[in-house]
Protein chains: 2
Amino acid sequence: MATWISRGLRGSTLEDLVNRTNEQYREKGLALVQKIPTPITPVRMDKENRHITLAYFDQRSTVDYIGAVQGIPVCFDAKECSAQTFPLANIHPHQVKFMEDFEKQNGVAFFLIFFSYLNEFYYLTFRELMGFWKRMEEGGRKSFRKEELTEEFYLPKKGGVLVPYLEGIKLDLERR
Amino acid sequence: MATWISRGLRGSTLEDLVNRTNEQYREKGLALVQKIPTPITPVRMDKENRHITLAYFDQRSTVDYIGAVQGIPVCFDAKECSAQTFPLANIHPHQVKFMEDFEKQNGVAFFLIFFSYLNEFYYLTFRELMGFWKRMEEGGRKSFRKEELTEEFYLPKKGGVLVPYLEGIKLDLERR
Ligand SMILES: [Mg+2]
Ligand SMILES: [Mg+2]
């Protein structure tokens, strides 16, 4: 089976890869994760064609994905990064708050960071993110660097699953 | 605090009530449930104003709400019913399949049925729905009647919460 490496992301977006991964996990009975669509408010309709002819993007979205993994509530966001440095401006405070509340409900929240220039996926636990986030709030740097990350949380590049984030969840739970 | 009874649904839709309930539960630290927006695909943009000037409704949505309740993955759909009979045509097969898979992941899936003419909320467990669904598939009636429902699964009409569905989840888990 072709993996995301051999396909080289040709014509695929990160979202497509994660969506297809979710389908793979669903077929195997390992997880059921739902993509949350970008909230759009329709304003005007063309009734004949059922087209929307005027709409707005809502300001606040929360996370990209929510679901259930073998009894565990899970939510995550996928982010692409094309450099050695990930700017925390890419993550919104209300998103962090949502994930914080989700973890308080004994769910697992995380970020999938795709380092596109290296074809690497990193599983950023919510607590690792919070380390960087608090550093910023205390006046430190507004980003984190790739070298600061934890080696074991890079997703393995084998197996038939495109973005094997369940390996990350497993490790995340073990390290708590 | 005004409840949904005293407010009498004036100017409120079922969706608003459930959204406000979710906020109440979130503030109390009892649950974190996310509304899943109707999937809309934007096709054309007005770049100056960031308006969407052409978009389509996607064909398949899954459930209205998904989230975490004190360690339990939860998903549900809210449906309004203005008569003694609820037509199963209001529920789509891919929605039933999604909920079935969600329950297989040890999540809790259910329907919130709002009998608008009585101001009553009913918590329809996934397994009760499946009873009606299978009856239909076996050639029986394509609906269920209010008298067929289980008395204890009507949501209580007291307390400060608008639509106290956590009471339903609690009972649902007890009855498994
Ligand atoms: Mg994203
Ligand atoms: Mg609904």
# chains A, B, ... in the order shown; residues from 1 in each chain; ligands from 1

$ interface_residues --of "chain A" --to "chain B" --cutoff "9 Å" --atoms "only C-alpha atoms" --output "number ranges by chain"
A: 26, 29-42, 50-57, 62, 66-75, 98, 101-107

$ residues_near_ligand --ligand "ligand 2" --cutoff "6 Å" --atoms "only C-alpha atoms and all ligand atoms" --output "list in words"
Asp64, Asp77, Ala78 and Lys79 of chain B

$ select_by_dssp --residues "chain A" --states "strand (DSSP E)" --output "PyMOL selection string"
chain A and resi 32-35+40-46+51-57+65-69+72-81+85-87+108-115+120-125+143-145

$ atom_distance --atom1 "atom CA of Phe76 of chain A" --atom2 "atom CA of Ala109 of chain A"
5.5 Å

$ residues_around --residues "Val161 of chain A" --least-positions-apart "3" --cutoff "12 Å" --atoms "only C-alpha atoms" --output "list in words"
Met1, Ala2, Thr3, Trp4, Ile5, Leu17, Val18, Asn19, Arg20, Thr21, Asn22, Glu23, Gln24, Tyr25, Arg26, Glu27, Lys28, Leu30, Leu155, Pro156, Lys157, Lys158, Pro164, Tyr165, Leu166 and Glu167 of chain A

$ select_by_dssp --residues "segment 7-170 of chain B" --states "alpha helix (DSSP H)" --output "ChimeraX atom specification"
/B:7,14-27,93-104,126-137,165-170

$ residues_around --residues "Leu149 of chain A" --least-positions-apart "6" --cutoff "9 Å" --atoms "only C-alpha atoms" --output "list in words"
Tyr122, Leu124 and Glu128 of chain A

$ closest_residue --among "A:Pro87, A:Pro93, A:Gly139, A:Gly168" --to "Arg60 of chain A" --atoms "only C-alpha atoms"
A:Pro93

$ residues_around --residues "Ile91 of chain B" --least-positions-apart "5" --cutoff "10 Å" --atoms "only C-alpha atoms" --output "list in words"
Asp77, Lys79, Phe86, Val96, Phe111, Leu129 and Trp133 of chain B

$ write_last_selection --atoms "N, CA, C and O atoms" --output "PDB file, in the first residue's frame"
ATOM      1  N   ASP B  77     -27.630  13.874  17.930  1.00  0.00           N
ATOM      2  CA  ASP B  77     -28.342  14.684  16.964  1.00  0.00           C
ATOM      3  C   ASP B  77     -29.627  15.175  17.613  1.00  0.00           C
ATOM      4  O   ASP B  77     -30.261  14.432  18.365  1.00  0.00           O
ATOM      5  N   LYS B  79     -33.462  16.561  17.074  1.00  0.00           N
ATOM      6  CA  LYS B  79     -34.520  16.518  16.066  1.00  0.00           C
ATOM      7  C   LYS B  79     -35.803  17.069  16.682  1.00  0.00           C
ATOM      8  O   LYS B  79     -36.146  16.712  17.817  1.00  0.00           O
ATOM      9  N   PHE B  86     -42.996  10.008  14.855  1.00  0.00           N
ATOM     10  CA  PHE B  86     -41.702  10.479  14.352  1.00  0.00           C
ATOM     11  C   PHE B  86     -41.311   9.656  13.136  1.00  0.00           C
ATOM     12  O   PHE B  86     -41.088   8.445  13.242  1.00  0.00           O
ATOM     13  N   VAL B  96     -27.004   6.787  11.016  1.00  0.00           N
ATOM     14  CA  VAL B  96     -27.143   5.594  11.857  1.00  0.00           C
ATOM     15  C   VAL B  96     -25.827   4.809  11.864  1.00  0.00           C
ATOM     16  O   VAL B  96     -25.357   4.371  12.921  1.00  0.00           O
ATOM     17  N   PHE B 111     -30.146  10.387  20.262  1.00  0.00           N
ATOM     18  CA  PHE B 111     -30.907  11.474  19.655  1.00  0.00           C
ATOM     19  C   PHE B 111     -31.642  12.239  20.762  1.00  0.00           C
ATOM     20  O   PHE B 111     -32.183  11.638  21.693  1.00  0.00           O
ATOM     21  N   LEU B 129     -33.379   3.425  19.243  1.00  0.00           N
ATOM     22  CA  LEU B 129     -33.517   3.789  17.826  1.00  0.00           C
ATOM     23  C   LEU B 129     -33.356   2.561  16.936  1.00  0.00           C
ATOM     24  O   LEU B 129     -34.116   2.330  15.994  1.00  0.00           O
ATOM     25  N   TRP B 133     -35.491   1.046  13.941  1.00  0.00           N
ATOM     26  CA  TRP B 133     -34.842   1.008  12.628  1.00  0.00           C
ATOM     27  C   TRP B 133     -34.912  -0.391  12.020  1.00  0.00           C
ATOM     28  O   TRP B 133     -35.234  -0.571  10.849  1.00  0.00           O
TER      29      TRP B 133
END

$ atom_distance --atom1 "atom CA of Glu138 of chain B" --atom2 "atom CA of Phe115 of chain B"
26.7 Å

$ atom_distance --atom1 "atom CA of His92 of chain B" --atom2 "atom CA of Phe132 of chain B"
13.4 Å
